[in-house]
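What follows is one structure encoded as structure tokens, with my remarks underneath.
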Amino acid sequence: MTSNGRKITVPTVEKYLKALEESFVLYKATRYDIKGKKYLTSGSKYYLADVGLRYYLLESKNADEGHILENVVYLELLRRGYDVYIGKNDSTEVDFIAVNEKGEEYYQVCNWLLEKE
């Protein structure tokens, strides 16, 4: 918003994000320190309830496929009944830690891999 010349404070952004969560437009994934076994207060990510909103907001279908795929996987894990967190292990990130009554599962999402020659 500031890049568009609008002044906005951190509490205002937090208030907007909370309202979008409560209206089920956004879902918040909290960051979890795998090594320290604790929830972190910073570094959460937000995922859209409908990827079509992304197209509308960006006014283009030329979006980052990796982010879209990550969003779809997050929503599918929620649909399957998991509690979903973003994993942190030292300086690396695990896209998702999915937790249910059976235990934890770790997911790394990508839309293509490079092969070594």
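Naming scheme: A, B, ... for chains in displayed order of the structure tokens; residues 1 onward per chain; ligands 1 onward as shown.
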
Exercise: range 67-70 of chain A partners within 10 Å, only C-alpha atoms, chain neighbours under 5 positions left out, as a PyMOL selection string: chain A and resi 47-48+51-52+54+75-76+95-96+107-111

Store the residues picked out above in a file with N, CA, C and O atoms, as an mmCIF file, in the first residue's frame.
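Saved the output as part_21.cif:
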data_model
loop_
_atom_site.group_PDB
_atom_site.id
_atom_site.type_symbol
_atom_site.label_atom_id
_atom_site.label_comp_id
_atom_site.auth_asym_id
_atom_site.auth_seq_id
_atom_site.Cartn_x
_atom_site.Cartn_y
_atom_site.Cartn_z
ATOM 1 N N TYR A 47 -2.750 -17.845 3.037
ATOM 2 C CA TYR A 47 -3.171 -18.506 1.809
ATOM 3 C C TYR A 47 -4.607 -18.113 1.497
ATOM 4 O O TYR A 47 -5.452 -18.034 2.387
ATOM 5 N N LEU A 48 -4.887 -17.892 0.209
ATOM 6 C CA LEU A 48 -6.218 -17.496 -0.231
ATOM 7 C C LEU A 48 -7.168 -18.687 -0.252
ATOM 8 O O LEU A 48 -6.782 -19.795 -0.642
ATOM 9 N N VAL A 51 -8.110 -19.387 -5.260
ATOM 10 C CA VAL A 51 -6.994 -18.898 -6.084
ATOM 11 C C VAL A 51 -7.484 -17.920 -7.147
ATOM 12 O O VAL A 51 -6.742 -17.054 -7.601
ATOM 13 N N GLY A 52 -8.760 -18.006 -7.520
ATOM 14 C CA GLY A 52 -9.335 -17.063 -8.479
ATOM 15 C C GLY A 52 -9.251 -15.627 -7.989
ATOM 16 O O GLY A 52 -9.137 -14.696 -8.783
ATOM 17 N N ARG A 54 -6.749 -14.358 -6.509
ATOM 18 C CA ARG A 54 -5.398 -13.917 -6.881
ATOM 19 C C ARG A 54 -5.402 -13.359 -8.302
ATOM 20 O O ARG A 54 -4.827 -12.311 -8.566
ATOM 21 N N LEU A 75 -4.661 -25.812 0.998
ATOM 22 C CA LEU A 75 -6.107 -25.967 1.116
ATOM 23 C C LEU A 75 -6.514 -27.441 1.156
ATOM 24 O O LEU A 75 -7.429 -27.822 1.896
ATOM 25 N N GLU A 76 -5.837 -28.279 0.379
ATOM 26 C CA GLU A 76 -6.156 -29.708 0.372
ATOM 27 C C GLU A 76 -5.815 -30.354 1.716
ATOM 28 O O GLU A 76 -6.569 -31.192 2.215
ATOM 29 N N ASP A 95 7.829 -26.562 3.613
ATOM 30 C CA ASP A 95 6.598 -25.884 3.202
ATOM 31 C C ASP A 95 5.459 -26.140 4.177
ATOM 32 O O ASP A 95 4.809 -25.202 4.617
ATOM 33 N N PHE A 96 5.220 -27.412 4.511
ATOM 34 C CA PHE A 96 4.110 -27.705 5.414
ATOM 35 C C PHE A 96 4.432 -28.830 6.385
ATOM 36 O O PHE A 96 5.038 -29.822 6.008
ATOM 37 N N TYR A 107 5.785 -31.822 4.126
ATOM 38 C CA TYR A 107 5.574 -31.648 2.691
ATOM 39 C C TYR A 107 6.450 -30.519 2.161
ATOM 40 O O TYR A 107 6.515 -29.445 2.755
ATOM 41 N N GLN A 108 7.081 -30.786 1.025
ATOM 42 C CA GLN A 108 7.811 -29.764 0.285
ATOM 43 C C GLN A 108 7.164 -29.690 -1.088
ATOM 44 O O GLN A 108 7.030 -30.710 -1.766
ATOM 45 N N VAL A 109 6.731 -28.521 -1.509
ATOM 46 C CA VAL A 109 5.967 -28.365 -2.746
ATOM 47 C C VAL A 109 6.829 -27.684 -3.805
ATOM 48 O O VAL A 109 7.478 -26.676 -3.537
ATOM 49 N N CYS A 110 6.812 -28.246 -5.023
ATOM 50 C CA CYS A 110 7.452 -27.577 -6.166
ATOM 51 C C CYS A 110 6.742 -28.039 -7.433
ATOM 52 O O CYS A 110 6.158 -29.119 -7.465
ATOM 53 N N ASN A 111 6.781 -27.229 -8.453
ATOM 54 C CA ASN A 111 6.098 -27.605 -9.685
ATOM 55 C C ASN A 111 7.038 -28.196 -10.724
ATOM 56 O O ASN A 111 6.593 -28.719 -11.723
#

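Note that CA of Val99 in chain A and CA of Tyr74 in chain A are 12.3 Å apart.
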
Would you mind writing down, as a ChimeraX atom specification, each residue of range 7-110 of chain A that DSSP on the backbone assigns to strand (DSSP E or B)? /A:26-29,31-33,38-39,45-48,83-89,92-100,103-107

Produce a file of the selected residues containing C-alpha atoms, as a PDB file, in the first residue's frame.
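See result.pdb below for the written result:
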ATOM      1  CA  LEU A  26      -7.464 -15.899   3.979  1.00  0.00           C
ATOM      2  CA  TYR A  27      -6.049 -18.729   6.043  1.00  0.00           C
ATOM      3  CA  LYS A  28      -3.054 -18.197   8.306  1.00  0.00           C
ATOM      4  CA  ALA A  29      -0.311 -20.814   8.597  1.00  0.00           C
ATOM      5  CA  ARG A  31       5.543 -21.018  11.610  1.00  0.00           C
ATOM      6  CA  TYR A  32       6.814 -23.929  13.724  1.00  0.00           C
ATOM      7  CA  ASP A  33      10.437 -24.516  14.758  1.00  0.00           C
ATOM      8  CA  LYS A  38       7.891 -24.505  19.461  1.00  0.00           C
ATOM      9  CA  TYR A  39       5.569 -22.161  17.614  1.00  0.00           C
ATOM     10  CA  LYS A  45       2.102 -17.113   5.793  1.00  0.00           C
ATOM     11  CA  TYR A  46      -1.357 -16.463   4.428  1.00  0.00           C
ATOM     12  CA  TYR A  47      -3.171 -18.506   1.809  1.00  0.00           C
ATOM     13  CA  LEU A  48      -6.218 -17.496  -0.231  1.00  0.00           C
ATOM     14  CA  ASP A  83      -3.669 -28.697  11.284  1.00  0.00           C
ATOM     15  CA  VAL A  84      -1.128 -27.124   8.938  1.00  0.00           C
ATOM     16  CA  TYR A  85       2.020 -25.204   9.895  1.00  0.00           C
ATOM     17  CA  ILE A  86       5.039 -23.793   8.079  1.00  0.00           C
ATOM     18  CA  GLY A  87       8.163 -25.625   9.207  1.00  0.00           C
ATOM     19  CA  LYS A  88      11.465 -24.003  10.097  1.00  0.00           C
ATOM     20  CA  ASN A  89      14.604 -26.067  10.618  1.00  0.00           C
ATOM     21  CA  THR A  92      15.718 -23.839   5.910  1.00  0.00           C
ATOM     22  CA  GLU A  93      11.968 -23.996   5.438  1.00  0.00           C
ATOM     23  CA  VAL A  94       9.655 -26.981   5.166  1.00  0.00           C
ATOM     24  CA  ASP A  95       6.598 -25.884   3.202  1.00  0.00           C
ATOM     25  CA  PHE A  96       4.110 -27.705   5.414  1.00  0.00           C
ATOM     26  CA  ILE A  97       3.922 -29.715   8.588  1.00  0.00           C
ATOM     27  CA  ALA A  98       0.543 -31.458   8.553  1.00  0.00           C
ATOM     28  CA  VAL A  99      -0.598 -32.728  11.954  1.00  0.00           C
ATOM     29  CA  ASN A 100      -3.522 -34.984  12.822  1.00  0.00           C
ATOM     30  CA  GLY A 103       1.072 -37.821  13.808  1.00  0.00           C
ATOM     31  CA  GLU A 104       3.073 -35.391  11.670  1.00  0.00           C
ATOM     32  CA  GLU A 105       3.769 -35.368   7.953  1.00  0.00           C
ATOM     33  CA  TYR A 106       6.216 -33.065   6.178  1.00  0.00           C
ATOM     34  CA  TYR A 107       5.574 -31.648   2.691  1.00  0.00           C
TER      35      TYR A 107
END

DSSP-assigned helix (DSSP H, G or I) among chain A, expressed as an NGL selection string: :A and (2-4 or 10-22 or 51-58 or 65-79)

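Atom pair CA of Gly5 in chain A / CA of Asp50 in chain A: separated by 28.0 Å.
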
Separation of CA of Val72 in chain A from CA of Glu14 in chain A in Å: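 Straight-line distance from CA of Glu14 in chain A to CA of Val72 in chain A works out to 23.9 Å.
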
Glu101 in chain A proximity check over A:Thr9, A:Asn71, A:Lys15, A:Gly81, using only C-alpha atoms: winner is A:Gly81
